[in-house]
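Undergrad: For reference, this is model30.txt, and it has compact mmCIF, C-alpha atoms.
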```txt
# COMPACT_ATOMS: atom_id res chain seq x y z
CA MET R 1 110.64 111.24 108.26
CA PRO R 2 106.97 110.69 107.36
CA GLN R 3 106.43 107.60 105.27
CA ASP R 4 102.87 108.38 104.13
CA TRP R 5 104.13 108.77 100.58
CA ILE R 6 105.00 105.07 100.54
CA PHE R 7 101.37 104.15 101.19
CA GLY R 8 100.32 106.52 98.39
CA LEU R 9 102.84 104.95 96.05
CA ILE R 10 101.73 101.43 96.89
CA GLY R 11 98.04 102.39 96.63
CA GLY R 12 98.60 104.09 93.28
CA ALA R 13 100.42 101.04 91.95
CA MET R 14 97.60 98.79 93.15
CA ILE R 15 94.98 100.98 91.41
CA GLY R 16 97.03 100.97 88.20
CA ILE R 17 97.45 97.20 88.28
CA ALA R 18 93.74 96.73 89.02
CA ALA R 19 92.79 99.03 86.12
CA ALA R 20 95.08 97.17 83.72
CA ALA R 21 93.83 93.77 84.90
CA TYR R 22 90.19 94.87 84.62
CA LEU R 23 90.77 96.08 81.06
CA LEU R 24 92.68 92.96 80.04
CA ILE R 25 90.26 90.50 81.63
CA ASN R 26 86.95 92.23 80.86
CA GLY R 27 87.76 94.48 77.92
CA ARG R 28 86.15 97.39 79.76
CA ILE R 29 87.38 100.50 81.52
CA MET R 30 87.54 100.33 85.32
CA GLY R 31 85.41 103.33 86.22
CA ALA R 32 83.95 102.99 89.71
CA SER R 33 81.03 105.34 89.03
CA GLY R 34 80.10 103.38 85.91
CA ILE R 35 80.28 100.12 87.84
CA ILE R 36 78.09 101.55 90.62
CA GLY R 37 75.74 103.15 88.08
CA THR R 38 75.05 99.87 86.28
CA LEU R 39 74.34 98.18 89.61
CA VAL R 40 71.90 100.92 90.61
CA ASP R 41 70.02 101.19 87.31
CA ARG R 42 70.41 97.44 86.53
CA SER R 43 71.51 98.17 82.96
CA ALA R 44 73.98 95.26 82.91
CA PRO R 45 72.37 92.47 85.00
CA GLU R 46 74.59 89.77 83.47
CA ASN R 47 77.68 91.32 85.10
CA GLY R 48 76.06 92.24 88.42
CA ALA R 49 77.89 89.69 90.57
CA GLU R 50 81.25 90.60 89.04
CA ARG R 51 80.65 94.32 89.60
CA LEU R 52 79.47 93.77 93.16
CA ALA R 53 82.57 91.65 93.88
CA PHE R 54 84.77 94.44 92.49
CA LEU R 55 83.11 97.08 94.68
CA THR R 56 83.26 94.81 97.73
CA GLY R 57 87.01 94.39 97.21
CA LEU R 58 87.35 98.14 96.69
CA VAL R 59 86.01 98.68 100.21
CA LEU R 60 87.28 95.61 102.09
CA ILE R 61 90.91 95.45 100.92
CA PRO R 62 91.92 98.95 102.12
CA GLY R 63 90.02 98.32 105.36
CA ALA R 64 91.88 95.05 105.92
CA VAL R 65 95.24 96.70 105.17
CA ALA R 66 94.44 99.57 107.55
CA LEU R 67 93.54 97.13 110.33
CA ALA R 68 96.63 95.00 109.69
CA THR R 69 99.02 97.94 109.71
CA GLY R 70 97.23 99.98 112.38
CA THR R 71 97.15 103.06 110.14
CA ALA R 72 93.41 103.69 109.90
CA GLN R 73 93.75 107.45 110.35
CA THR R 74 91.70 109.92 108.40
CA HIS R 75 91.49 113.68 108.31
CA LEU R 76 87.83 113.64 107.30
CA THR R 77 85.62 116.15 109.05
CA GLY R 78 83.17 115.05 111.71
CA ASN R 79 80.43 117.16 110.12
CA PHE R 80 78.16 114.45 108.69
CA ALA R 81 75.92 116.92 106.85
CA LEU R 82 78.97 118.25 105.03
CA ILE R 83 80.06 114.69 104.18
CA ALA R 84 76.59 113.87 102.81
CA VAL R 85 76.45 117.03 100.67
CA ALA R 86 79.99 116.38 99.40
CA GLY R 87 79.07 112.81 98.48
CA LEU R 88 75.98 113.95 96.59
CA LEU R 89 78.00 116.60 94.74
CA VAL R 90 80.65 114.05 93.79
CA GLY R 91 77.94 111.71 92.51
CA LEU R 92 76.35 114.54 90.51
CA GLY R 93 79.74 115.54 89.11
CA THR R 94 80.52 112.01 87.97
CA ARG R 95 77.20 111.87 86.14
CA ILE R 96 77.79 115.24 84.46
CA ALA R 97 81.36 114.27 83.49
CA ASN R 98 80.31 110.76 82.40
CA GLY R 99 82.92 109.25 84.67
CA CYS R 100 84.95 109.53 87.84
CA THR R 101 88.56 109.77 88.89
CA SER R 102 89.26 106.11 88.20
CA GLY R 103 87.64 106.17 84.77
CA HIS R 104 88.93 109.52 83.54
CA GLY R 105 92.03 109.98 85.67
CA VAL R 106 93.59 106.54 85.84
CA CYS R 107 92.21 104.86 82.73
CA GLY R 108 91.56 107.90 80.52
CA ILE R 109 94.96 109.51 80.95
CA SER R 110 96.78 106.19 80.53
CA ARG R 111 94.97 105.74 77.19
CA LEU R 112 95.83 109.36 76.23
CA SER R 113 92.10 110.14 76.00
CA LEU R 114 91.59 113.88 75.48
CA ARG R 115 88.22 113.65 77.22
CA GLY R 116 89.83 111.92 80.21
CA ILE R 117 92.67 114.45 80.40
CA VAL R 118 90.32 117.45 80.21
CA ALA R 119 87.95 115.96 82.80
CA THR R 120 90.87 115.25 85.14
CA VAL R 121 92.21 118.79 84.84
CA PHE R 122 88.79 120.19 85.67
CA TYR R 123 87.97 117.97 88.64
CA ILE R 124 91.42 118.42 90.18
CA GLY R 125 91.07 122.17 89.73
CA ALA R 126 87.55 122.15 91.19
CA GLY R 127 88.74 120.09 94.16
CA GLY R 128 91.60 122.49 94.85
CA LEU R 129 89.31 125.50 94.56
CA THR R 130 86.79 123.84 96.90
CA VAL R 131 89.47 123.30 99.56
CA VAL R 132 90.64 126.90 99.30
CA VAL R 133 87.11 128.30 99.58
CA PHE R 134 85.65 126.02 102.25
CA ARG R 135 88.69 125.42 104.42
CA HIS R 136 90.78 128.56 104.10
CA MET R 137 88.28 131.28 103.26
CA LEU R 138 85.13 130.11 105.09
CA GLY R 139 86.80 127.93 107.74
CA TRP R 140 84.06 125.27 107.48
CA VAL R 141 86.26 122.19 107.63
```
Could you show the structure in this file as structure tokens?
TA:
Amino acid sequence: MPQDWIFGLIGGAMIGIAAAAYLLINGRIMGASGIIGTLVDRSAPENGAERLAFLTGLVLIPGAVALATGTAQTHLTGNFALIAVAGLLVGLGTRIANGCTSGHGVCGISRLSLRGIVATVFYIGAGGLTVVVFRHMLGWV
């Protein structure tokens, strides 16, 4: 029986705990795009080191767990142009929506924010539609 769901469950719990801790400790919502945005535009220089440490942990911890468990598999395409375009579109979408999946989805829904719920419904729907069009209809991925 595949046990991938266990990793998803553990990862989801870790994200939820991190979001709650970030809110309790800092009094701010844990939105990754907002954290990255303030580092890029330097709008909150007094919290730069804290934000950089958060993003470093966001990348290094899953990498360390994957190396420790030997489960560093991905189903990402090898088409680097497609990955770059997808990354740019995700970045554009987070700017248009004023937030990302962690801000709207995890933190917004848990606070019963209507804006977060609506944004989450739309980006999940857009993601599903994108998979149907690009993978199943066009066969690009």
Undergrad: Separation of atom CA of R:Ile6 and atom CA of R:Ala66, in Å?
TA: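 Distance reported for this atom pair: 13.8 Å.
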Undergrad: Can you measure atom CA of R:Leu23 to atom CA of R:Glu46 for me? One decimal in Å is fine.
TA: 17.5 Å
Undergrad: Which of these residues is nearest to R:Ile29, using all atoms listed in the file: R:Cys100, R:Leu92, R:Ala53, R:Leu9?
TA: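 Checking each candidate against R:Ile29, we get R:Cys100 as the closest.
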Undergrad: Pick the closest to R:Arg28 from R:Leu67, R:Val59, R:Ile83, R:Cys107: which is it, counting only C-alpha atoms?
TA: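 Selected residue with least distance to R:Arg28: R:Cys107.
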Undergrad: My list of candidates is R:Thr77, R:Asp4, R:Ala44, R:Gly99. Which is closest to R:Phe134 when distances are computed with only C-alpha atoms?
TA: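 Using only C-alpha atoms, the shortest distance to R:Phe134 belongs to R:Thr77.
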Undergrad: Using atom CA of R:Met30 and atom CA of R:Ile15 as the two end points, give the distance in Å to one decimal.
TA: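 Pair atom CA of R:Met30 / atom CA of R:Ile15 returns 9.6 Å.
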Undergrad: Can you pull out every residue within 12 Å of R:Leu89, counting only C-alpha atoms, but drop anything in the same chain fewer than 5 positions away, and send it as an MDAnalysis selection string?
TA: chainID R and resid 82:84 94:97 123 126:127 130
Undergrad: Quick one: write out the picked residues with C-alpha atoms as a PDB file, keeping the file's coordinate frame?
TA:
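Result written to again01.pdb:
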```pdb
ATOM      1  CA  LEU R  82      78.970 118.250 105.030  1.00  0.00           C
ATOM      2  CA  ILE R  83      80.060 114.690 104.180  1.00  0.00           C
ATOM      3  CA  ALA R  84      76.590 113.870 102.810  1.00  0.00           C
ATOM      4  CA  THR R  94      80.520 112.010  87.970  1.00  0.00           C
ATOM      5  CA  ARG R  95      77.200 111.870  86.140  1.00  0.00           C
ATOM      6  CA  ILE R  96      77.790 115.240  84.460  1.00  0.00           C
ATOM      7  CA  ALA R  97      81.360 114.270  83.490  1.00  0.00           C
ATOM      8  CA  TYR R 123      87.970 117.970  88.640  1.00  0.00           C
ATOM      9  CA  ALA R 126      87.550 122.150  91.190  1.00  0.00           C
ATOM     10  CA  GLY R 127      88.740 120.090  94.160  1.00  0.00           C
ATOM     11  CA  THR R 130      86.790 123.840  96.900  1.00  0.00           C
TER      12      THR R 130
END
```
Undergrad: For R:Ala21, which residue out of R:Gln3, R:Phe54, R:Ser33, R:Ile117 is the nearest one, using all atoms listed in the file?
TA: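 Under the stated criterion, the closest residue is R:Phe54.
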Undergrad: Tell me which of R:Leu114, R:Ile35, R:Leu88, R:Ala68 sits closest to R:Leu52, counting only C-alpha atoms.
TA: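 Between R:Leu114, R:Ile35, R:Leu88, R:Ala68, the residue approaching R:Leu52 most closely is R:Ile35.
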